[in-house]
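Undergrad: Here it is: the structure, laid out below.
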Amino acid sequence: MQDKLIDIKNEAVAQILAAKDARELEDIRVEYLGKSAGKLTLLIKKLPGLPPEEKAIVGQFANEVKQTIEETLQAQKKAIQKEKEANIAETEKIDVTLPAVFPPEGHLHPITKTLKEVYEVFKFMGYQMITGPEIETDEYNFTRVNMPKDAPSRDAQASFYLDTRNSKIYPGEYLLRTQTSNMQSRALERIRPPFRVFSPGKCFRVDDVDASHGFEFWQFEGILIDKNITVTNLLGTLDFILKSLLPGTEVRFKSGHFGFTEPSIEAMIRCTICGGRGCPYCKNLGWSEILGSGMTHPNVYKAAGIDPRGWTGFAFGMGLSRLALLKNQIDDLRVLTNSDLRILKQF
Ligand code: DAH
């Protein structure tokens, strides 16, 4: 019987030491120490049948075997646990030699890029940048730039007036500015001539949205007020700006009409779509309108509280959104207001 006990001990210890996880250890425990059918348990159950002098010795030995098996089980359990922890530490260890994962990098929006170019051109010519409100009064947006309430030219700039119900604001007093020309009067008031400034910003007009129309768009206004300024100065300035912003373009001027300038001049550039052959975009003219301009009307000075005598100057307004489209070969205005990164990443 003692031999059997020794065999069981050796067998059990060998199995325990080879076990790899807690489940295996539990199986082994049941195999040897299980209450009803454990190998050692069954053997111990036979003890009462032994002669008394043998019973004491074998009984003690059986207890030692049981203890050894239990201790070995415990020790192996701890060893397995420790190894598991070491493995986790190993896999979670930070490898500082691995190449870094860079966050995705963005880039400037086409409008911002174009604005920067515009800014450089104006800076070169000695113009300062000023900005003004997008929510503007009817007074500054129209009246002070010589577009009184009954001016027919207001109709061409269908406006978003603010909903002033339940407020103390007079209906029709505030609107989303329709043009950066609101800055003409503001600049005259704020800076006082002589000065040369430009002012970029968002403008809004009621319009149905399609590839070439939107209800929001960017413009920039250039304003120069000084002594002895002539139309020639204006034409030279526009020619320089357009050729700097659109290298290689051809420029042509024609007369126009705007309330705030007299005389008024429109600049056309060679159609970038058809190259001048004529297409639906340029209405078969071969040229497309790019900006409005003219010599500042005396009423604009007066509205800003300045005596027009002695001052001469000009102003011009150009579509910044339009320019961004031309420069990036984008044929749909909506791209500029789209926030879909799959589209914006292309520019
Ligand atoms: N504000 C005009 C528009 O949005 C453009 C313009 C025309 C601006 C003539 C000017 C100007 O400064 O002199 O259609």
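Residues in the structure tokens are named by chain (A, B, ... in the order shown) and by number from 1 within that chain; ligands are numbered from 1 in the order shown.
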Identify, on the basis of only C-alpha atoms, every residue whose closest approach to Gly313 in chain A does not exceed 8 Å; exclude the query and any residue fewer than 4 positions from it along the same chain; express the result as a ChimeraX atom specification.

TA: /A:223-227,229-230,295-296

Undergrad: Could I get the residues of chain A with an atom no further than 9 Å from an atom of ligand 1, each paired with its nearest atom pair and that distance in Å to one decimal, using only C-alpha atoms and all ligand atoms, sorted by chain and residue number, as CSV?

TA:
residue,atom,partner,partner_atom_place_in_ligand_line,distance
A:Ala156,CA,ligand 1,14 (O),8.5
A:Gln157,CA,ligand 1,4 (O),7.9
A:Thr178,CA,ligand 1,4 (O),6.9
A:Gln179,CA,ligand 1,4 (O),4.7
A:Thr180,CA,ligand 1,1 (N),6.2
A:Ser181,CA,ligand 1,1 (N),5.0
A:Asn182,CA,ligand 1,1 (N),8.2
A:Gln184,CA,ligand 1,12 (O),7.6
A:Cys203,CA,ligand 1,4 (O),8.6
A:Gln219,CA,ligand 1,4 (O),7.6
A:Phe220,CA,ligand 1,8 (C),8.5
A:Glu221,CA,ligand 1,12 (O),5.8
A:Gly222,CA,ligand 1,12 (O),6.6
A:Ile223,CA,ligand 1,12 (O),7.1
A:Gly256,CA,ligand 1,9 (C),8.4
A:His257,CA,ligand 1,9 (C),7.8
A:Phe258,CA,ligand 1,9 (C),5.6
A:Gly259,CA,ligand 1,9 (C),8.1
A:Phe260,CA,ligand 1,13 (O),6.2
A:Thr261,CA,ligand 1,13 (O),5.3
A:Glu262,CA,ligand 1,13 (O),8.4
A:Ser264,CA,ligand 1,13 (O),6.5
A:Ile265,CA,ligand 1,9 (C),7.3
A:Glu266,CA,ligand 1,9 (C),7.6
A:Leu291,CA,ligand 1,5 (C),6.4
A:Gly292,CA,ligand 1,7 (C),3.5
A:Ser293,CA,ligand 1,13 (O),3.3
A:Gly294,CA,ligand 1,13 (O),4.4
A:Met295,CA,ligand 1,13 (O),6.8
A:Thr296,CA,ligand 1,13 (O),6.9
A:Phe314,CA,ligand 1,13 (O),6.7
A:Ala315,CA,ligand 1,12 (O),4.0
A:Phe316,CA,ligand 1,12 (O),3.3
A:Gly317,CA,ligand 1,8 (C),3.5
A:Met318,CA,ligand 1,5 (C),6.3
A:Gly319,CA,ligand 1,4 (O),7.9

Undergrad: Among range 7-217 of chain A, which ones does DSSP place in strand (DSSP E or B), written as an MDAnalysis selection string?

TA: chainID A and resid 128:129 135:137 161 174:176 195:204 210 213 216:217

Undergrad: Kindly export the residues of the current selection with N, CA, C and O atoms, as a JSON list (two decimals), in the first residue's frame.

TA:
[["chain", "number", "residue", "atom", "x", "y", "z"],
["A", 128, "GLN", "N", -3.76, 98.23, -46.05],
["A", 128, "GLN", "CA", -3.95, 97.58, -44.76],
["A", 128, "GLN", "C", -5.26, 96.80, -44.77],
["A", 128, "GLN", "O", -6.20, 97.22, -45.46],
["A", 129, "MET", "N", -5.32, 95.73, -44.00],
["A", 129, "MET", "CA", -6.57, 94.96, -43.96],
["A", 129, "MET", "C", -7.46, 95.45, -42.81],
["A", 129, "MET", "O", -6.98, 95.67, -41.71],
["A", 135, "ILE", "N", -23.33, 91.05, -39.74],
["A", 135, "ILE", "CA", -24.69, 91.55, -39.47],
["A", 135, "ILE", "C", -24.57, 93.06, -39.49],
["A", 135, "ILE", "O", -23.89, 93.66, -38.65],
["A", 136, "GLU", "N", -25.20, 93.66, -40.48],
["A", 136, "GLU", "CA", -24.96, 95.07, -40.75],
["A", 136, "GLU", "C", -26.28, 95.84, -40.73],
["A", 136, "GLU", "O", -27.34, 95.24, -40.84],
["A", 137, "THR", "N", -26.18, 97.13, -40.60],
["A", 137, "THR", "CA", -27.42, 97.92, -40.70],
["A", 137, "THR", "C", -27.70, 98.22, -42.16],
["A", 137, "THR", "O", -26.79, 98.29, -42.99],
["A", 161, "TYR", "N", -33.10, 90.11, -44.30],
["A", 161, "TYR", "CA", -33.28, 91.03, -43.16],
["A", 161, "TYR", "C", -33.50, 90.21, -41.90],
["A", 161, "TYR", "O", -34.06, 89.11, -41.95],
["A", 174, "TYR", "N", -31.76, 95.84, -39.69],
["A", 174, "TYR", "CA", -30.56, 94.99, -39.75],
["A", 174, "TYR", "C", -30.70, 93.92, -40.82],
["A", 174, "TYR", "O", -31.78, 93.38, -41.04],
["A", 175, "LEU", "N", -29.56, 93.59, -41.46],
["A", 175, "LEU", "CA", -29.56, 92.54, -42.46],
["A", 175, "LEU", "C", -28.19, 91.87, -42.47],
["A", 175, "LEU", "O", -27.24, 92.35, -41.84],
["A", 176, "LEU", "N", -28.11, 90.72, -43.14],
["A", 176, "LEU", "CA", -26.79, 90.12, -43.37],
["A", 176, "LEU", "C", -26.21, 90.89, -44.54],
["A", 176, "LEU", "O", -26.87, 91.02, -45.57],
["A", 195, "PHE", "N", -5.98, 107.14, -47.12],
["A", 195, "PHE", "CA", -5.69, 105.76, -46.70],
["A", 195, "PHE", "C", -5.89, 104.81, -47.87],
["A", 195, "PHE", "O", -6.49, 105.17, -48.89],
["A", 196, "ARG", "N", -5.33, 103.66, -47.73],
["A", 196, "ARG", "CA", -5.64, 102.57, -48.67],
["A", 196, "ARG", "C", -5.85, 101.30, -47.85],
["A", 196, "ARG", "O", -4.98, 100.92, -47.06],
["A", 197, "VAL", "N", -7.00, 100.71, -47.97],
["A", 197, "VAL", "CA", -7.34, 99.52, -47.18],
["A", 197, "VAL", "C", -8.02, 98.48, -48.07],
["A", 197, "VAL", "O", -8.53, 98.79, -49.15],
["A", 198, "PHE", "N", -8.01, 97.26, -47.58],
["A", 198, "PHE", "CA", -8.86, 96.25, -48.23],
["A", 198, "PHE", "C", -9.56, 95.48, -47.14],
["A", 198, "PHE", "O", -9.09, 95.40, -46.00],
["A", 199, "SER", "N", -10.73, 94.96, -47.50],
["A", 199, "SER", "CA", -11.55, 94.31, -46.47],
["A", 199, "SER", "C", -12.24, 93.07, -47.04],
["A", 199, "SER", "O", -13.16, 93.18, -47.85],
["A", 200, "PRO", "N", -11.76, 91.90, -46.65],
["A", 200, "PRO", "CA", -12.41, 90.67, -47.12],
["A", 200, "PRO", "C", -13.51, 90.26, -46.15],
["A", 200, "PRO", "O", -13.48, 90.63, -44.98],
["A", 201, "GLY", "N", -14.47, 89.49, -46.64],
["A", 201, "GLY", "CA", -15.50, 89.01, -45.73],
["A", 201, "GLY", "C", -16.63, 88.29, -46.43],
["A", 201, "GLY", "O", -16.73, 88.29, -47.66],
["A", 202, "LYS", "N", -17.47, 87.70, -45.60],
["A", 202, "LYS", "CA", -18.59, 86.92, -46.12],
["A", 202, "LYS", "C", -19.77, 87.84, -46.41],
["A", 202, "LYS", "O", -20.03, 88.78, -45.65],
["A", 203, "CYS", "N", -20.47, 87.57, -47.51],
["A", 203, "CYS", "CA", -21.66, 88.34, -47.86],
["A", 203, "CYS", "C", -22.81, 87.36, -48.11],
["A", 203, "CYS", "O", -22.57, 86.17, -48.37],
["A", 204, "PHE", "N", -24.01, 87.88, -48.05],
["A", 204, "PHE", "CA", -25.19, 87.00, -48.16],
["A", 204, "PHE", "C", -26.25, 87.65, -49.04],
["A", 204, "PHE", "O", -26.53, 88.84, -48.91],
["A", 210, "ASP", "N", -27.25, 76.60, -56.57],
["A", 210, "ASP", "CA", -26.86, 75.61, -57.58],
["A", 210, "ASP", "C", -25.35, 75.74, -57.78],
["A", 210, "ASP", "O", -24.67, 76.38, -56.98],
["A", 213, "HIS", "N", -24.49, 79.48, -58.04],
["A", 213, "HIS", "CA", -25.13, 80.45, -57.15],
["A", 213, "HIS", "C", -25.17, 79.92, -55.73],
["A", 213, "HIS", "O", -25.30, 78.72, -55.51],
["A", 216, "GLU", "N", -24.46, 82.44, -49.73],
["A", 216, "GLU", "CA", -23.35, 83.03, -48.99],
["A", 216, "GLU", "C", -22.08, 82.92, -49.83],
["A", 216, "GLU", "O", -21.87, 81.91, -50.50],
["A", 217, "PHE", "N", -21.30, 83.96, -49.85],
["A", 217, "PHE", "CA", -20.09, 83.97, -50.66],
["A", 217, "PHE", "C", -19.12, 85.00, -50.08],
["A", 217, "PHE", "O", -19.52, 85.87, -49.30]]

Undergrad: Can you pull out every residue within 12 Å of Ile290 in chain A, counting only C-alpha atoms, but drop anything in the same chain fewer than 6 positions away, and send it as a VMD selection string?

TA: chain A and resid 219 to 220 238 to 239 241 to 242 245 to 246 249 to 254 265 to 272 282 316 to 323 326

Undergrad: Save the residues we just selected, N, CA and C atoms, as a CSV table (one decimal), in the first residue's frame?

TA:
chain,number,residue,atom,x,y,z
A,219,GLN,N,-16.3,88.1,-50.5
A,219,GLN,CA,-15.9,89.2,-51.4
A,219,GLN,C,-14.7,89.9,-50.7
A,220,PHE,N,-14.0,90.7,-51.5
A,220,PHE,CA,-13.1,91.6,-50.8
A,220,PHE,C,-13.3,93.0,-51.5
A,238,LEU,N,-6.2,97.8,-60.7
A,238,LEU,CA,-6.9,96.6,-61.0
A,238,LEU,C,-6.2,95.7,-61.9
A,239,ASP,N,-5.5,96.2,-62.9
A,239,ASP,CA,-4.7,95.4,-63.9
A,239,ASP,C,-3.6,94.7,-63.1
A,241,ILE,N,-3.6,93.9,-59.8
A,241,ILE,CA,-4.2,92.9,-58.9
A,241,ILE,C,-4.6,91.7,-59.6
A,242,LEU,N,-5.3,91.9,-60.7
A,242,LEU,CA,-5.9,90.7,-61.5
A,242,LEU,C,-4.8,89.9,-62.0
A,245,LEU,N,-3.1,87.9,-59.2
A,245,LEU,CA,-3.9,86.8,-58.7
A,245,LEU,C,-4.1,85.8,-59.7
A,246,LEU,N,-4.2,86.1,-60.9
A,246,LEU,CA,-4.5,85.2,-62.0
A,246,LEU,C,-3.4,85.3,-63.1
A,249,THR,N,-3.6,86.0,-67.2
A,249,THR,CA,-4.9,86.4,-67.6
A,249,THR,C,-4.9,87.7,-68.4
A,250,GLU,N,-5.9,87.8,-69.3
A,250,GLU,CA,-6.0,89.1,-70.1
A,250,GLU,C,-7.2,89.9,-69.4
A,251,VAL,N,-7.0,91.2,-69.3
A,251,VAL,CA,-8.0,92.0,-68.6
A,251,VAL,C,-8.6,93.0,-69.6
A,252,ARG,N,-9.9,93.3,-69.4
A,252,ARG,CA,-10.6,94.2,-70.2
A,252,ARG,C,-11.5,95.0,-69.4
A,253,PHE,N,-11.7,96.3,-69.6
A,253,PHE,CA,-12.6,97.1,-68.8
A,253,PHE,C,-13.8,97.6,-69.6
A,254,LYS,N,-14.9,97.7,-68.9
A,254,LYS,CA,-16.1,98.3,-69.6
A,254,LYS,C,-16.8,99.2,-68.6
A,265,ILE,N,-16.8,101.2,-63.3
A,265,ILE,CA,-16.1,100.4,-64.3
A,265,ILE,C,-16.1,98.9,-63.9
A,266,GLU,N,-16.4,98.1,-64.9
A,266,GLU,CA,-16.4,96.6,-64.6
A,266,GLU,C,-15.1,96.1,-65.2
A,267,ALA,N,-14.5,95.1,-64.6
A,267,ALA,CA,-13.4,94.5,-65.2
A,267,ALA,C,-13.8,93.1,-65.6
A,268,MET,N,-13.3,92.7,-66.8
A,268,MET,CA,-13.6,91.4,-67.3
A,268,MET,C,-12.2,90.6,-67.5
A,269,ILE,N,-12.3,89.3,-67.4
A,269,ILE,CA,-11.1,88.6,-67.7
A,269,ILE,C,-11.4,87.6,-68.8
A,270,ARG,N,-10.4,87.2,-69.6
A,270,ARG,CA,-10.6,86.2,-70.6
A,270,ARG,C,-11.3,84.9,-69.9
A,271,CYS,N,-12.3,84.4,-70.5
A,271,CYS,CA,-13.1,83.3,-69.9
A,271,CYS,C,-12.1,82.1,-69.7
A,272,THR,N,-12.1,81.7,-68.4
A,272,THR,CA,-11.1,80.6,-68.1
A,272,THR,C,-11.7,79.3,-68.5
A,282,CYS,N,-19.7,82.1,-70.3
A,282,CYS,CA,-19.4,83.5,-70.5
A,282,CYS,C,-20.4,84.1,-71.5
A,316,PHE,N,-13.2,99.2,-55.2
A,316,PHE,CA,-13.6,98.0,-56.1
A,316,PHE,C,-13.9,96.8,-55.2
A,317,GLY,N,-14.8,96.0,-55.8
A,317,GLY,CA,-15.2,94.8,-55.0
A,317,GLY,C,-15.1,93.6,-55.9
A,318,MET,N,-14.5,92.5,-55.4
A,318,MET,CA,-14.3,91.3,-56.2
A,318,MET,C,-14.8,90.1,-55.4
A,319,GLY,N,-15.2,89.1,-56.1
A,319,GLY,CA,-15.7,87.9,-55.5
A,319,GLY,C,-14.5,87.0,-55.1
A,320,LEU,N,-14.3,86.8,-53.8
A,320,LEU,CA,-13.2,85.9,-53.4
A,320,LEU,C,-13.5,84.5,-53.6
A,321,SER,N,-14.8,84.1,-53.4
A,321,SER,CA,-15.2,82.7,-53.7
A,321,SER,C,-15.0,82.4,-55.2
A,322,ARG,N,-15.4,83.3,-56.0
A,322,ARG,CA,-15.2,83.2,-57.4
A,322,ARG,C,-13.7,82.9,-57.8
A,323,LEU,N,-12.9,83.8,-57.2
A,323,LEU,CA,-11.4,83.7,-57.4
A,323,LEU,C,-10.9,82.3,-56.9
A,326,LEU,N,-11.7,79.7,-59.5
A,326,LEU,CA,-10.9,79.9,-60.7
A,326,LEU,C,-9.5,79.3,-60.5

Undergrad: Go through A:Arg277, A:Arg154, A:Lys66, A:Lys149 one by one, measure the shortest atom-to-atom distance of each to Glu173 in chain A using only C-alpha atoms, and give the residue with the smallest value.

TA: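 The closest residue to Glu173 in chain A is A:Lys149.
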
Undergrad: Out of range 12-139 of chain A, which residues get alpha helix (DSSP H) from DSSP, as a PyMOL selection string?

TA: chain A and resi 12-18+22-33+39-45+52-92+110-124+138-139

Undergrad: For Leu234 in chain A, which residue out of A:Thr312, A:Thr131, A:Gln60, A:Thr337 is the nearest one, using only C-alpha atoms?

TA: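 The closest residue to Leu234 in chain A is A:Thr312.
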
Undergrad: Looking at only C-alpha atoms, which of A:Leu42, A:Arg342, A:Asp138, A:Lys327 is the one that sits closest to Glu117 in chain A?

TA: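 Among A:Leu42, A:Arg342, A:Asp138, A:Lys327, it is A:Lys327 that comes nearest to Glu117 in chain A.
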
Undergrad: Can you work out the spacing between CA of Leu285 in chain A and CA of Val118 in chain A in Å, to one decimal?

TA: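 We find that CA of Leu285 in chain A and CA of Val118 in chain A lie 26.9 Å from each other.
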
Undergrad: Which residue, A:Met1, A:Glu24, A:Glu85, A:Lys243, has the smallest gap to Lys55 in chain A when you use only C-alpha atoms?

TA: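 Using only C-alpha atoms, Lys55 in chain A sits closest to A:Met1.
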
Undergrad: I'd like to know which of A:Gly59, A:Pro152, A:Gly305, A:Pro171 is closest to Glu189 in chain A, using only C-alpha atoms.

TA: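 Result for the nearest residue to Glu189 in chain A: A:Gly305.
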
Undergrad: I'd like the contact shell of Ile306 in chain A - 9 Å cut-off, only C-alpha atoms, skipping same-chain residues fewer than 5 positions apart - returned as an mmCIF file with C-alpha atoms, in the first residue's frame.

TA:
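Output saved as part.cif:
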data_model
loop_
_atom_site.group_PDB
_atom_site.id
_atom_site.type_symbol
_atom_site.label_atom_id
_atom_site.label_comp_id
_atom_site.auth_asym_id
_atom_site.auth_seq_id
_atom_site.Cartn_x
_atom_site.Cartn_y
_atom_site.Cartn_z
ATOM 1 C CA LEU A 188 -13.993 106.714 -44.164
ATOM 2 C CA GLU A 189 -15.390 107.205 -40.666
ATOM 3 C CA ARG A 192 -10.130 109.298 -42.244
ATOM 4 C CA VAL A 300 -20.290 108.444 -49.925
ATOM 5 C CA TYR A 301 -17.866 110.983 -48.451
#
